Amino acid sequence: MPANPQLQDLLEQYRNGRISLDAAAEAIEGLRLERIGDFACIDLGRNVRCGMPEVVLAEGKDPAHLAEITIRHAETAGRCVVTRVNPDQAARIREQADKAGIAVEYRETGHVLVAGNGPAPKRTGGIVAVITAGTSDIRVAEEARIIAEEMGCEVRTAYDVGAAGIHRLFPALKPLLGAHVFVVCAGREGTLPAVVAGLVDKPVIGIPVSVGYGYMGEGRAALASMLQSCSVIAVVNIDAGFTGGAFAARIANMGART
């Protein structure tokens, strides 16, 4: 089994005297938890245990609570990624971050916010391709893209190349063929992941998108179609850009190490 790169990096930091023995031991435990008031408990060891960062879901959270969680996480871990962020939540986080001297980047297309003064993720060599059937799928694709980048991957994209104009797909695939894994986002009938899987020799992850109306609308037809694909694909839940991007990054990072 290949060595855990996060663990290797920690040991390298200790060997070079950049962190203390106690700090290295605490990080290696991978069980670092920090409580925030009486409403949250953040996991600071996920990156060491699982090879992926702790990511905060903003959906349904009180803006004040979310801001406090984000700032505390960024202060402790150096960097915090928040998904499904609405503009009001983003404004509250930015207000608190400015007071704490923490940089914030709100990527509105994907509804993802990144806070912290820590370094950008170290490049792993993993390459993820992200494709959408239509422009309505870009919001989910961007969530997947940002998460994969936060896990150290290079991400290459091709948007609006779906089955309704299938001739658009073939030239779009050419610059993506060096990827270790493909993430394909599609709504309506969700055809595109199966088509892509029939054309490339790498794993394909389908993300059904809640685009469509009437019977089996809101992504249900796309999910059913992908689950019934005669091409070999993996499928995540409707609109699950985070899950698709994180799973793709894990595949790509393993591929880059072999």
# chains A, B, ... in the order shown; residues from 1 in each chain; ligands from 1
>>> residues_around(residues="Asp137 in chain A", least_positions_apart="6", cutoff="12 Å", atoms="only C-alpha atoms", output="ChimeraX atom specification")
/A:109-110,130-131,143-144,158-162,183-188,190,192,206-212,218-219,222,238-241
>>> residues_around(residues="Val114 in chain A", least_positions_apart="4", cutoff="7 Å", atoms="only C-alpha atoms", output="number ranges by chain")
A: 80-82, 104-106
>>> residues_around(residues="Gln228 in chain A", least_positions_apart="5", cutoff="12 Å", atoms="only C-alpha atoms", output="PyMOL selection string")
chain A and resi 189-191+193-194+206+221-223+233-235
>>> select_by_dssp(residues="range 67-257 of chain A", states="strand (DSSP E)", output="PyMOL selection string")
chain A and resi 80-83+104-107+112-115+127-132+154-158+181-186+204-208+234-235
>>> write_last_selection(atoms="N, CA, C and O atoms", output="compact mmCIF listing (two decimals), in the first residue's frame")
# COMPACT_ATOMS: atom_id res chain seq x y z
N CYS A 80 -10.02 26.57 5.65
CA CYS A 80 -11.34 25.98 5.84
C CYS A 80 -12.12 26.10 4.54
O CYS A 80 -12.18 27.17 3.94
N VAL A 81 -12.75 24.99 4.13
CA VAL A 81 -13.58 24.97 2.93
C VAL A 81 -15.03 24.80 3.37
O VAL A 81 -15.35 23.92 4.16
N VAL A 82 -15.91 25.65 2.83
CA VAL A 82 -17.33 25.61 3.18
C VAL A 82 -18.13 25.47 1.89
O VAL A 82 -17.94 26.23 0.95
N THR A 83 -19.06 24.51 1.85
CA THR A 83 -19.87 24.29 0.65
C THR A 83 -21.31 24.73 0.87
O THR A 83 -21.77 24.88 2.01
N VAL A 104 -10.54 35.52 2.75
CA VAL A 104 -11.73 34.77 2.33
C VAL A 104 -11.89 34.89 0.82
O VAL A 104 -11.74 35.98 0.25
N GLU A 105 -12.18 33.78 0.19
CA GLU A 105 -12.52 33.77 -1.24
C GLU A 105 -13.85 33.05 -1.40
O GLU A 105 -13.98 31.87 -1.06
N TYR A 106 -14.85 33.78 -1.91
CA TYR A 106 -16.18 33.19 -2.13
C TYR A 106 -16.35 32.93 -3.63
O TYR A 106 -16.40 33.86 -4.42
N ARG A 107 -16.41 31.67 -3.99
CA ARG A 107 -16.54 31.28 -5.39
C ARG A 107 -18.03 31.03 -5.65
O ARG A 107 -18.53 29.92 -5.49
N VAL A 112 -19.10 27.87 -3.04
CA VAL A 112 -18.05 27.37 -2.14
C VAL A 112 -17.23 28.54 -1.64
O VAL A 112 -16.89 29.45 -2.42
N LEU A 113 -16.92 28.53 -0.35
CA LEU A 113 -16.09 29.57 0.25
C LEU A 113 -14.85 28.93 0.84
O LEU A 113 -14.94 27.88 1.49
N VAL A 114 -13.71 29.56 0.62
CA VAL A 114 -12.44 29.10 1.19
C VAL A 114 -11.89 30.21 2.07
O VAL A 114 -11.73 31.35 1.62
N ALA A 115 -11.62 29.89 3.33
CA ALA A 115 -11.11 30.88 4.28
C ALA A 115 -9.81 30.39 4.87
O ALA A 115 -9.62 29.19 5.09
N ILE A 127 -4.82 14.27 -11.75
CA ILE A 127 -5.55 15.07 -12.75
C ILE A 127 -7.00 14.58 -12.81
O ILE A 127 -7.25 13.39 -13.02
N VAL A 128 -7.93 15.50 -12.61
CA VAL A 128 -9.36 15.20 -12.67
C VAL A 128 -9.97 15.98 -13.83
O VAL A 128 -9.72 17.18 -13.98
N ALA A 129 -10.77 15.30 -14.65
CA ALA A 129 -11.54 15.97 -15.70
C ALA A 129 -12.97 16.13 -15.22
O ALA A 129 -13.57 15.18 -14.70
N VAL A 130 -13.52 17.33 -15.38
CA VAL A 130 -14.91 17.59 -15.00
C VAL A 130 -15.66 18.06 -16.24
O VAL A 130 -15.27 19.02 -16.90
N ILE A 131 -16.75 17.38 -16.53
CA ILE A 131 -17.53 17.63 -17.75
C ILE A 131 -18.98 17.88 -17.35
O ILE A 131 -19.51 17.25 -16.44
N THR A 132 -19.65 18.80 -18.05
CA THR A 132 -21.09 18.97 -17.84
C THR A 132 -21.83 18.78 -19.16
O THR A 132 -21.32 19.08 -20.24
N GLU A 154 -4.93 18.81 -10.21
CA GLU A 154 -5.17 19.67 -11.36
C GLU A 154 -6.52 19.28 -11.93
O GLU A 154 -6.82 18.09 -12.08
N VAL A 155 -7.36 20.27 -12.24
CA VAL A 155 -8.68 19.97 -12.80
C VAL A 155 -8.81 20.59 -14.18
O VAL A 155 -8.57 21.79 -14.36
N ARG A 156 -9.20 19.77 -15.12
CA ARG A 156 -9.46 20.22 -16.49
C ARG A 156 -10.95 20.11 -16.75
O ARG A 156 -11.58 19.13 -16.35
N THR A 157 -11.54 21.10 -17.42
CA THR A 157 -12.99 21.13 -17.57
C THR A 157 -13.42 21.21 -19.03
O THR A 157 -12.71 21.73 -19.88
N ALA A 158 -14.63 20.70 -19.28
CA ALA A 158 -15.31 20.87 -20.56
C ALA A 158 -16.80 20.99 -20.23
O ALA A 158 -17.41 20.02 -19.77
N VAL A 181 -9.22 10.37 -13.91
CA VAL A 181 -10.63 10.07 -13.62
C VAL A 181 -11.48 11.18 -14.21
O VAL A 181 -11.05 12.33 -14.31
N PHE A 182 -12.72 10.83 -14.60
CA PHE A 182 -13.65 11.78 -15.17
C PHE A 182 -14.87 11.93 -14.26
O PHE A 182 -15.44 10.93 -13.81
N VAL A 183 -15.27 13.17 -14.00
CA VAL A 183 -16.51 13.48 -13.29
C VAL A 183 -17.45 14.09 -14.32
O VAL A 183 -17.11 15.09 -14.96
N VAL A 184 -18.64 13.49 -14.47
CA VAL A 184 -19.57 13.96 -15.50
C VAL A 184 -20.89 14.33 -14.84
O VAL A 184 -21.54 13.48 -14.21
N CYS A 185 -21.29 15.59 -14.97
CA CYS A 185 -22.50 16.12 -14.35
C CYS A 185 -23.58 16.29 -15.41
O CYS A 185 -23.34 16.93 -16.44
N ALA A 186 -24.76 15.74 -15.14
CA ALA A 186 -25.85 15.85 -16.12
C ALA A 186 -27.19 15.82 -15.42
O ALA A 186 -27.41 15.03 -14.49
N VAL A 204 -15.14 6.67 -14.52
CA VAL A 204 -16.11 7.77 -14.71
C VAL A 204 -17.06 7.80 -13.52
O VAL A 204 -17.62 6.78 -13.13
N ILE A 205 -17.22 8.99 -12.94
CA ILE A 205 -18.16 9.21 -11.83
C ILE A 205 -19.28 10.10 -12.36
O ILE A 205 -19.04 11.21 -12.83
N GLY A 206 -20.51 9.60 -12.29
CA GLY A 206 -21.66 10.38 -12.72
C GLY A 206 -22.28 11.13 -11.56
O GLY A 206 -22.47 10.56 -10.48
N ILE A 207 -22.58 12.41 -11.78
CA ILE A 207 -23.29 13.21 -10.78
C ILE A 207 -24.62 13.67 -11.40
O ILE A 207 -24.62 14.51 -12.30
N PRO A 208 -25.74 13.10 -10.96
CA PRO A 208 -27.03 13.59 -11.44
C PRO A 208 -27.32 14.98 -10.88
O PRO A 208 -27.02 15.25 -9.70
N ALA A 234 -19.51 4.84 -11.79
CA ALA A 234 -19.94 4.99 -10.40
C ALA A 234 -20.85 6.20 -10.34
O ALA A 234 -20.69 7.14 -11.13
N VAL A 235 -21.82 6.18 -9.44
CA VAL A 235 -22.81 7.25 -9.37
C VAL A 235 -22.92 7.74 -7.93
O VAL A 235 -23.01 6.93 -7.00
>>> closest_residue(among="A:Gly134, A:Pro203, A:Gly198, A:Gly37", to="His65 in chain A", atoms="only C-alpha atoms")
A:Gly37
>>> atom_distance(atom1="CA of Ile147 in chain A", atom2="CA of Gly245 in chain A")
5.6 Å
>>> atom_distance(atom1="CA of Ile71 in chain A", atom2="CA of Asp9 in chain A")
24.7 Å
>>> residues_around(residues="Ala120 in chain A", least_positions_apart="3", cutoff="9 Å", atoms="only C-alpha atoms", output="list in words")
Arg79, Asn117, Arg123, Glu150 and Gly152 of chain A
>>> residues_around(residues="range 67-69 of chain A", least_positions_apart="5", cutoff="9 Å", atoms="only C-alpha atoms", output="VMD selection string")
chain A and resid 36 40 to 42 56 62 74 89 to 90 92 to 97
>>> select_by_dssp(residues="range 93-252 of chain A", states="helix (DSSP H, G or I)", output="PyMOL selection string")
chain A and resi 93-100+108-110+135-150+163-176+192-197+220-227+241-252
>>> residues_around(residues="Met151 in chain A", least_positions_apart="5", cutoff="10 Å", atoms="only C-alpha atoms", output="list in words")
Asn47, Gly51, Met52, Pro53, Ala120, Pro121, Lys122, Arg123, Thr124, Gly126, Arg145, Ile146, Gly245, Ala246, Ala248, Ala249, Arg250, Ala252 and Asn253 of chain A
>>> atom_distance(atom1="CA of His180 in chain A", atom2="CA of Ala148 in chain A")
12.2 Å
>>> decode(residues="range 56-68 of chain A", atoms="N, CA, C and O atoms", output="PDB file, in the first residue's frame")
ATOM      1  N   VAL A  56     -16.962  21.994   5.612  1.00  0.00           N
ATOM      2  CA  VAL A  56     -18.148  22.413   6.361  1.00  0.00           C
ATOM      3  C   VAL A  56     -19.308  22.609   5.386  1.00  0.00           C
ATOM      4  O   VAL A  56     -19.181  23.328   4.393  1.00  0.00           O
ATOM      5  N   LEU A  57     -20.445  21.984   5.667  1.00  0.00           N
ATOM      6  CA  LEU A  57     -21.661  22.183   4.887  1.00  0.00           C
ATOM      7  C   LEU A  57     -22.428  23.359   5.474  1.00  0.00           C
ATOM      8  O   LEU A  57     -22.843  23.331   6.630  1.00  0.00           O
ATOM      9  N   ALA A  58     -22.647  24.403   4.652  1.00  0.00           N
ATOM     10  CA  ALA A  58     -23.322  25.608   5.145  1.00  0.00           C
ATOM     11  C   ALA A  58     -24.828  25.473   5.154  1.00  0.00           C
ATOM     12  O   ALA A  58     -25.510  26.160   5.931  1.00  0.00           O
ATOM     13  N   GLU A  59     -25.358  24.597   4.335  1.00  0.00           N
ATOM     14  CA  GLU A  59     -26.799  24.465   4.152  1.00  0.00           C
ATOM     15  C   GLU A  59     -27.500  24.238   5.494  1.00  0.00           C
ATOM     16  O   GLU A  59     -27.165  23.319   6.241  1.00  0.00           O
ATOM     17  N   GLY A  60     -28.478  25.098   5.799  1.00  0.00           N
ATOM     18  CA  GLY A  60     -29.262  24.948   7.017  1.00  0.00           C
ATOM     19  C   GLY A  60     -28.630  25.522   8.265  1.00  0.00           C
ATOM     20  O   GLY A  60     -29.244  25.506   9.331  1.00  0.00           O
ATOM     21  N   LYS A  61     -27.407  26.036   8.159  1.00  0.00           N
ATOM     22  CA  LYS A  61     -26.731  26.550   9.361  1.00  0.00           C
ATOM     23  C   LYS A  61     -27.049  28.030   9.578  1.00  0.00           C
ATOM     24  O   LYS A  61     -27.146  28.815   8.628  1.00  0.00           O
ATOM     25  N   ASP A  62     -27.183  28.395  10.837  1.00  0.00           N
ATOM     26  CA  ASP A  62     -27.337  29.791  11.214  1.00  0.00           C
ATOM     27  C   ASP A  62     -26.085  30.560  10.783  1.00  0.00           C
ATOM     28  O   ASP A  62     -24.961  30.099  11.027  1.00  0.00           O
ATOM     29  N   PRO A  63     -26.231  31.727  10.121  1.00  0.00           N
ATOM     30  CA  PRO A  63     -25.053  32.465   9.640  1.00  0.00           C
ATOM     31  C   PRO A  63     -24.035  32.781  10.731  1.00  0.00           C
ATOM     32  O   PRO A  63     -22.823  32.706  10.487  1.00  0.00           O
ATOM     33  N   ALA A  64     -24.509  33.130  11.934  1.00  0.00           N
ATOM     34  CA  ALA A  64     -23.575  33.437  13.024  1.00  0.00           C
ATOM     35  C   ALA A  64     -22.798  32.190  13.442  1.00  0.00           C
ATOM     36  O   ALA A  64     -21.580  32.240  13.652  1.00  0.00           O
ATOM     37  N   HIS A  65     -23.493  31.055  13.567  1.00  0.00           N
ATOM     38  CA  HIS A  65     -22.818  29.802  13.902  1.00  0.00           C
ATOM     39  C   HIS A  65     -21.822  29.426  12.822  1.00  0.00           C
ATOM     40  O   HIS A  65     -20.684  29.014  13.107  1.00  0.00           O
ATOM     41  N   LEU A  66     -22.260  29.536  11.554  1.00  0.00           N
ATOM     42  CA  LEU A  66     -21.394  29.159  10.450  1.00  0.00           C
ATOM     43  C   LEU A  66     -20.129  30.015  10.420  1.00  0.00           C
ATOM     44  O   LEU A  66     -19.025  29.502  10.205  1.00  0.00           O
ATOM     45  N   ALA A  67     -20.283  31.305  10.658  1.00  0.00           N
ATOM     46  CA  ALA A  67     -19.120  32.196  10.668  1.00  0.00           C
ATOM     47  C   ALA A  67     -18.150  31.802  11.773  1.00  0.00           C
ATOM     48  O   ALA A  67     -16.926  31.761  11.558  1.00  0.00           O
ATOM     49  N   GLU A  68     -18.670  31.493  12.953  1.00  0.00           N
ATOM     50  CA  GLU A  68     -17.797  31.109  14.064  1.00  0.00           C
ATOM     51  C   GLU A  68     -17.072  29.799  13.777  1.00  0.00           C
ATOM     52  O   GLU A  68     -15.872  29.657  14.044  1.00  0.00           O
TER      53      GLU A  68
END
